[in-house]
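Everything below concerns the one structure shown next.
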Amino acid sequence: MEFNISTQGAVTTAKLIGRLDTPAAQECAPALEALQEKAGGTIILDCKQLTYISSSGLRIFLTLRKAAVAKGGKVIVRSICPDIRNVFVMTGFLNLFEMED
Amino acid sequence: MLVLIAAVLLEVIGLVQYYYSRKALREEADSRAQSEMVATQLRMENTFITVENSAGGLSWVFTDKLDTPDEIPEIIRLLMENNPIIANGFIAYAPDYLPGKGHWYEPVVSRLPEGLVLHQVGSADHDYFAEPWYQVPMESGKGYWSEPYFDKDGVRKLVVTFSVPVYAPTGERVAVFGVDMELDWLNDLVSKVRPYEDSYSTLVSREGQLIASPPETLEVKKPMRYETMIERTGWRMAVVISEDALYGQINKVSTLVLILQVLGLLLLILIILRTARSQRRLEKAKEARSRIESELTIARGIQMSMIPKIFPPFPERSDIDIYATIVPAKEVGGDLYDFYIRDDKMYFCIGDVSGKGVPASLVMAVTRSLFRTVSAHEKSPGRIVTEMNNSMSDMNESNMFVTFFCGVLDLATGHLRYCNAGHNAPVILNTGKSLLPVTANIPLGIMPGMVFQEQEIDMRYDDAIFLYTDGLTEAENIRHELFGEERMMEALTGLKGSREHLEIMQKEVALFVDGAPQSDDLTMLIIHFLNDVQPSQEERHLLIHNDIQQIPQLAEFVETIAEEKKLDHALTLNLNLALEEAVTNVIMYAYPEGTDGLVDIEAIIRKDSLSFVISDSGQPFDPTATPDADISLGVTERPIGGLGIYLVRNIMDSVSYERTDGKNILTMTKNI
């Protein structure tokens with residue numbers, strides 16, 4: 001699992017590559033904290049290469065979202081693949097995030 | 001026995017009848033012979049008396065004429081003129097009685113052809129004094145009948161002399177007066193006495209001279225002789241009757257009767273013998289039939305023992321459910337089926353020999369043996385059938401053929417390879433029912449060198465294949481209607497046990513034919529494929545420690561299964577997700593932090609579902625007891641956790657928890 005973060009002005013893009021399962025989610029804890037600091041701006045979660053997500057991964061998404069709400073920022077989920085989109089549908093996350101192709 | 005008694009009785013009656021008839025005839029013959037003899041005797045005696053009386057009377061006349069002896073011949077002549085029966089009349093005087101007449105004097109009147117002639121015959125050459133006809137009357141004074149003799153001097157015929165003494169007035173016997181009587185009339189008289197055709201009469205003098213003789217040509221067989229004595233002359237008259245002639249008629253009749261009786265008896269015996277023989281033959285036939293029947297019963301036993309008849313045949317196997325029935329139309333039949341398992345493959349076949357009865361049963365036995373022999377070293381049904389066909393065509397002198405279907409079912413995979421040789425297409429029972437697509441091919445035993453095409457199909461869990469012989473579809477009722485494929489398909493309804501299927505089919509057929517006699521052998525075989533749980537392939541295990549870092553193994557685990565089951569990506573991902581959530585829960589909550597524990601994951605792959613059984617030995621933890629997450633909540637209200645079990649529930653079709661033997665066992669199933 002790779003969690004590549006790049007910042008261009010107020011827009012922070014996090015590229016999620018690979019499987020975001022429970023151990024991967026734990027590994028991502030530091031990166032998550034770094035991202036949370038940017039929650040006041042716009043965070044783009046690029047899911048183009050995200051192949052799998054479990055509830056632990058979803059927690060990361062929700063945590064960021066909550067931080068954005070708190071800080072008046074914005075979280076955009078981009079290029080999500082149909083399989084994961086399906087998980088978002090199942091969990092109601094589709095309504096919580098701003099989706100972008 | 002009864003017949004024998006009857007026959008003997010009949011014969012006895014015949015014999016008695018014969019005996020009495022014979023006796024009656026004999027008595028009648030006796031009386032006829034006697035009466036005719038007596039009548040003849042009387043007539044003879046009358047003549048004799050006449051002669052005696054005339055001679056006797058004249059002798060007294062002569063007494064007075066002794067003085068004039070020359071008158072005497074004249075008197076004799078007169079007598080003879082009146083009595084033509086008298087041949088000679090004479091008077092013979094005592095020696096030297098008449099003076100001047102010599103020592104011998106005997107004047108005789110003879111009846112000669114020229115008339116009555118007187119001549120004197122007494123002389124030294126004719127010394128009559130010693131003759132009995134002279135001596136007896138002279139000495140006894142009585143009349144005397146002489147022996148018959150041939151009168152060579154006079155009439156030259158056989159004559160008999162009656163002589164009486166002539167007394168002188170002094171009372172002295174001085175001469176003998178005699179008359180010769182011709183005997184021709186006696187011969188005539190006696191010869192006429194013939195009471196029967198084969199009979200004759202004789203008259204014999206005292207000294208045995210024949211007076212009346214039997215006809216020379218007549219030969220009387222078995223003579224019966226009746227005799228009577230004529231006292232006056234001492235002659236004996238006899239009547240001879242042929243016994244054959246007498247009994248001839250009755251003998252003929254009784255012989256005829258006897259022959260008829262014997263013939264009747266023979267006929268009776270013949271009939272009895274024939275009846276007995278036919279009885280014996282009947283018994284023999286009965287014996288032969290019962291022998292054949294018992295042999296057929298044995299043959300049936302042998303035939304049935306060739307066919308697997310014990311169900312379930314593989315009680316240790318749960319992946320296959322087989323049932324079969326075979327009902328020959330006769331004691332033995334030409335249908336066959338067979339099945340056995342080798343190397344986890346089921347070899348099975350069904351066949352129908354043309355014709356039925358004993359010839360068909362022999363071909364059936366050969367076919368079944370060939371199937372076993374060939375399939376022992378051959379896995380391909382196409383080659384099995386081809387090889388069987390070659391063997392059967394080579395030795396097929398009776399021109400019998402066999403429709404045959406052979407299949408080899410891989411019990412591990414459900415892959416069925418089959419080959420049809422002119423047999424009815426089997427029915428495949430899965431979610432629907434349809435005839436198995438088969439190449440018709442020609443039956444076995446017709447043409448050697450044929451190559452039989454093999455076909456294949458995959459059987460899945462709960463699929464069944466129903467095989468039958470045309471005894472099913474062509475079962476006839478009394479209106480000669482056929483049971484037919486449609487009724488057969490209709491009866492194959494629903495998912496049932498193999499036995500139940502066939503029993504229903506049998507009931508339907510019985511209902512349809514309604515007591516009409518079975519005309520063809522009826523065989524059914526059903527193979528129900530139930531390979532659901534195959535431990536080597538269909539059950540997978542994964543054992544991990546209660547370490548989050550081992551979670552990725554789950555993905556690999558699911559991936560392998562998905563590949564095998566050819567699951568699509570989305571489903572694979574979901575299954576992975578559900579499994580990860582469940583296992584993560586165990587790792588997080590079942591084992592207290594810092595303790596090492598194991599999580600056992602078992603995947604059970606069925607035809608249409610996949611289950612994960614997750615068990616651990618940690619503290620009791622029931623994830624299903626957790627309330628569902630509320631996904632309608634907004635971002636702020638949404639709790640961070642609680643999504644795991646929610647996802648499990650959403651993805652899987654059923655989730656259940658149990659605590660058994662100190663273990664948490666979570667079973668979750670997804671229908672595929």
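To be explicit about the labels: the chains of the structure tokens are called A, B, and onward in the order shown, and within each one the residues are counted from 1, while ligands get numbers from 1 in the order they are shown.
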
Can you list, as a PyMOL selection string, every residue of range 388-481 of chain B that DSSP puts in helix (DSSP H, G or I)? chain B and resi 388-394+470-473

Which chain B residues have any atom within 9 Å of an atom of chain A, and for each, what is the nearest pair of atoms with distance in Å to one decimal, counting only C-alpha atoms, rows sorted by chain and number, as a Markdown table?
| residue | atom | partner | partner_atom | distance |
| --- | --- | --- | --- | --- |
| B:Ile548 | CA | A:Pro23 | CA | 5.7 |
| B:Gln549 | CA | A:Pro23 | CA | 5.6 |
| B:Gln550 | CA | A:Pro23 | CA | 8.3 |
| B:Ile551 | CA | A:Pro23 | CA | 7.1 |
| B:Pro552 | CA | A:Asp21 | CA | 7.7 |
| B:His569 | CA | A:Asp83 | CA | 8.0 |
| B:Ala570 | CA | A:Asp83 | CA | 5.5 |
| B:Leu571 | CA | A:Asp83 | CA | 8.8 |
| B:Leu573 | CA | A:Tyr52 | CA | 7.1 |
| B:Asn574 | CA | A:Val87 | CA | 8.2 |
| B:Asn576 | CA | A:Ser54 | CA | 8.9 |
| B:Leu577 | CA | A:Ser54 | CA | 5.9 |
| B:Ala578 | CA | A:Ser54 | CA | 8.6 |
| B:Glu580 | CA | A:Ser54 | CA | 7.5 |
| B:Glu581 | CA | A:Ser55 | CA | 7.2 |
| B:Thr584 | CA | A:Thr22 | CA | 7.6 |
| B:Ala629 | CA | A:Thr91 | CA | 8.7 |
| B:Asp630 | CA | A:Gly92 | CA | 8.8 |
| B:Ile631 | CA | A:Gly92 | CA | 5.1 |
| B:Ser632 | CA | A:Gly92 | CA | 6.7 |
| B:Leu633 | CA | A:Gly92 | CA | 8.6 |
| B:Gly634 | CA | A:Leu96 | CA | 6.9 |
| B:Val635 | CA | A:Leu96 | CA | 6.1 |
| B:Thr636 | CA | A:Lys66 | CA | 6.2 |
| B:Arg638 | CA | A:Leu62 | CA | 8.3 |
| B:Pro639 | CA | A:Leu62 | CA | 8.9 |
| B:Ile640 | CA | A:Arg59 | CA | 5.8 |
| B:Gly641 | CA | A:Arg59 | CA | 7.2 |
| B:Gly642 | CA | A:Ser55 | CA | 8.6 |
| B:Leu643 | CA | A:Ser55 | CA | 5.9 |
| B:Gly644 | CA | A:Ser55 | CA | 5.6 |
| B:Tyr646 | CA | A:Thr91 | CA | 8.1 |
| B:Leu647 | CA | A:Thr91 | CA | 7.4 |
| B:Asn650 | CA | A:Met90 | CA | 7.4 |
| B:Ile651 | CA | A:Met90 | CA | 8.8 |

Determine, counting only C-alpha atoms, which protein, DNA and RNA residues have an atom within 10 Å of an atom of range 612-624 of chain B; residues of the same chain fewer than 3 positions away are not included. Present the result as a CSV table (one decimal) with C-alpha atoms, in the first residue's frame.
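File result28.csv, as written:
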chain,number,residue,atom,x,y,z
B,539,GLU,CA,-12.8,-27.5,1.3
B,540,ARG,CA,-10.0,-25.1,2.0
B,541,HIS,CA,-8.3,-24.4,5.2
B,542,LEU,CA,-6.3,-21.4,6.4
B,543,LEU,CA,-4.8,-21.1,9.8
B,545,HIS,CA,-2.3,-16.2,14.2
B,546,ASN,CA,-4.2,-13.5,15.9
B,575,LEU,CA,-15.9,-12.1,-0.2
B,578,ALA,CA,-16.4,-10.0,4.5
B,579,LEU,CA,-13.8,-12.6,5.5
B,582,ALA,CA,-14.9,-11.2,10.4
B,583,VAL,CA,-11.3,-12.3,11.0
B,585,ASN,CA,-13.1,-8.9,14.6
B,586,VAL,CA,-11.7,-12.1,16.0
B,587,ILE,CA,-8.2,-10.8,16.1
B,589,TYR,CA,-11.8,-8.8,20.3
B,590,ALA,CA,-11.6,-12.5,20.9
B,591,TYR,CA,-8.1,-12.6,22.1
B,592,PRO,CA,-6.9,-10.2,24.8
B,595,THR,CA,-1.9,-13.2,23.9
B,596,ASP,CA,-1.2,-15.5,21.0
B,597,GLY,CA,-4.1,-17.3,19.5
B,598,LEU,CA,-5.1,-19.0,16.3
B,599,VAL,CA,-7.8,-18.3,13.9
B,600,ASP,CA,-9.0,-21.2,11.8
B,601,ILE,CA,-10.6,-20.4,8.5
B,602,GLU,CA,-12.4,-23.1,6.6
B,603,ALA,CA,-13.9,-22.4,3.2
B,604,ILE,CA,-16.6,-24.8,2.1
B,605,ILE,CA,-17.2,-24.5,-1.6
B,627,PRO,CA,-26.2,-3.7,16.4
B,628,ASP,CA,-26.1,-2.7,12.8
B,644,GLY,CA,-17.1,-4.4,9.9
B,645,ILE,CA,-20.0,-6.6,11.0
B,646,TYR,CA,-22.2,-4.4,9.0
B,648,VAL,CA,-20.3,-8.9,6.7
B,649,ARG,CA,-24.0,-9.0,7.0
B,652,MET,CA,-23.1,-12.6,3.0
B,655,VAL,CA,-24.2,-15.3,9.1
B,656,SER,CA,-24.4,-17.3,12.3
B,657,TYR,CA,-22.5,-17.6,15.4
B,658,GLU,CA,-22.1,-20.4,17.9
B,659,ARG,CA,-20.0,-21.2,20.8
B,660,THR,CA,-19.0,-24.9,20.9
B,661,ASP,CA,-16.3,-26.7,22.8
B,662,GLY,CA,-14.8,-23.5,24.0
B,663,LYS,CA,-14.7,-22.1,20.5
B,664,ASN,CA,-16.3,-19.2,18.8
B,665,ILE,CA,-17.6,-20.4,15.5
B,666,LEU,CA,-18.8,-17.9,13.0
B,667,THR,CA,-20.3,-19.4,9.8
B,668,MET,CA,-21.1,-17.1,6.9
B,669,THR,CA,-22.4,-18.2,3.6
B,670,LYS,CA,-22.7,-16.5,0.3

Name the closest residue to Leu50 in chain A among the candidates A:Ile17, A:Thr12, A:Glu2, A:Thr7; distances are taken between atoms, counting only C-alpha atoms. A:Ile17

Would you mind listing what lies within 10 Å of Ala365 in chain B as a PyMOL selection string, with only C-alpha atoms counted and same-chain residues fewer than 3 positions away left out? chain B and resi 302-303+306-307+333-336+360-362+368-371

Contact residues around Leu296 in chain B with only C-alpha atoms at 9 Å, ignoring same-chain residues under 6 positions, as a ChimeraX atom specification: /B:331-332,358

Would you mind exporting C-alpha atoms of the selected residues as an mmCIF file, in the first residue's frame?
data_model
loop_
_atom_site.group_PDB
_atom_site.id
_atom_site.type_symbol
_atom_site.label_atom_id
_atom_site.label_comp_id
_atom_site.auth_asym_id
_atom_site.auth_seq_id
_atom_site.Cartn_x
_atom_site.Cartn_y
_atom_site.Cartn_z
ATOM 1 C CA GLU B 331 -37.749 -65.591 -16.560
ATOM 2 C CA VAL B 332 -34.583 -64.326 -18.129
ATOM 3 C CA VAL B 358 -32.896 -67.318 -23.160
#

Between CA of Gly515 in chain B and CA of Arg300 in chain B, distance in Å (one decimal):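 It comes out at 22.8 Å.
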
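Straight-line separation from CA of Thr68 in chain B to CA of Gly56 in chain B: 19.3 Å.
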
Neighbour list for Pro30 in chain A as a list in words, cut-off 12 Å, only C-alpha atoms, skip fewer than 4 positions in-chain: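 The neighbour list is Phe3, Asn4, Ile5, Ala24, Ala25, Gln26, Ala34, Leu35, Gln36, Glu37 and Ile60 of chain A.
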
Would you please give, as a list in words, all residues of range 335-416 of chain B that DSSP assigns to strand (DSSP E) based on the backbone?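 Answer for range 335-416 of chain B restricted to strand (DSSP E) is Asp335, Leu336, Tyr337, Asp338, Phe339, Tyr340, Ile341, Arg342, Lys345, Met346, Tyr347, Phe348, Cys349, Ile350, Gly351, Asp352, Val353, Val402, Thr403, Phe404, Phe405, Cys406, Gly407, Val408, Leu409, Asp410, His415 and Leu416 of chain B.
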
Taking into account only C-alpha atoms, which residue in the set A:Leu94, A:Leu45, A:Cys81, A:Ala29 is nearest to Thr13 in chain A? A:Leu45

Write out as a count of residues only which residues come within 10 Å of Asn420 in chain B when counting only C-alpha atoms, dropping same-chain ones fewer than 4 positions away. 26
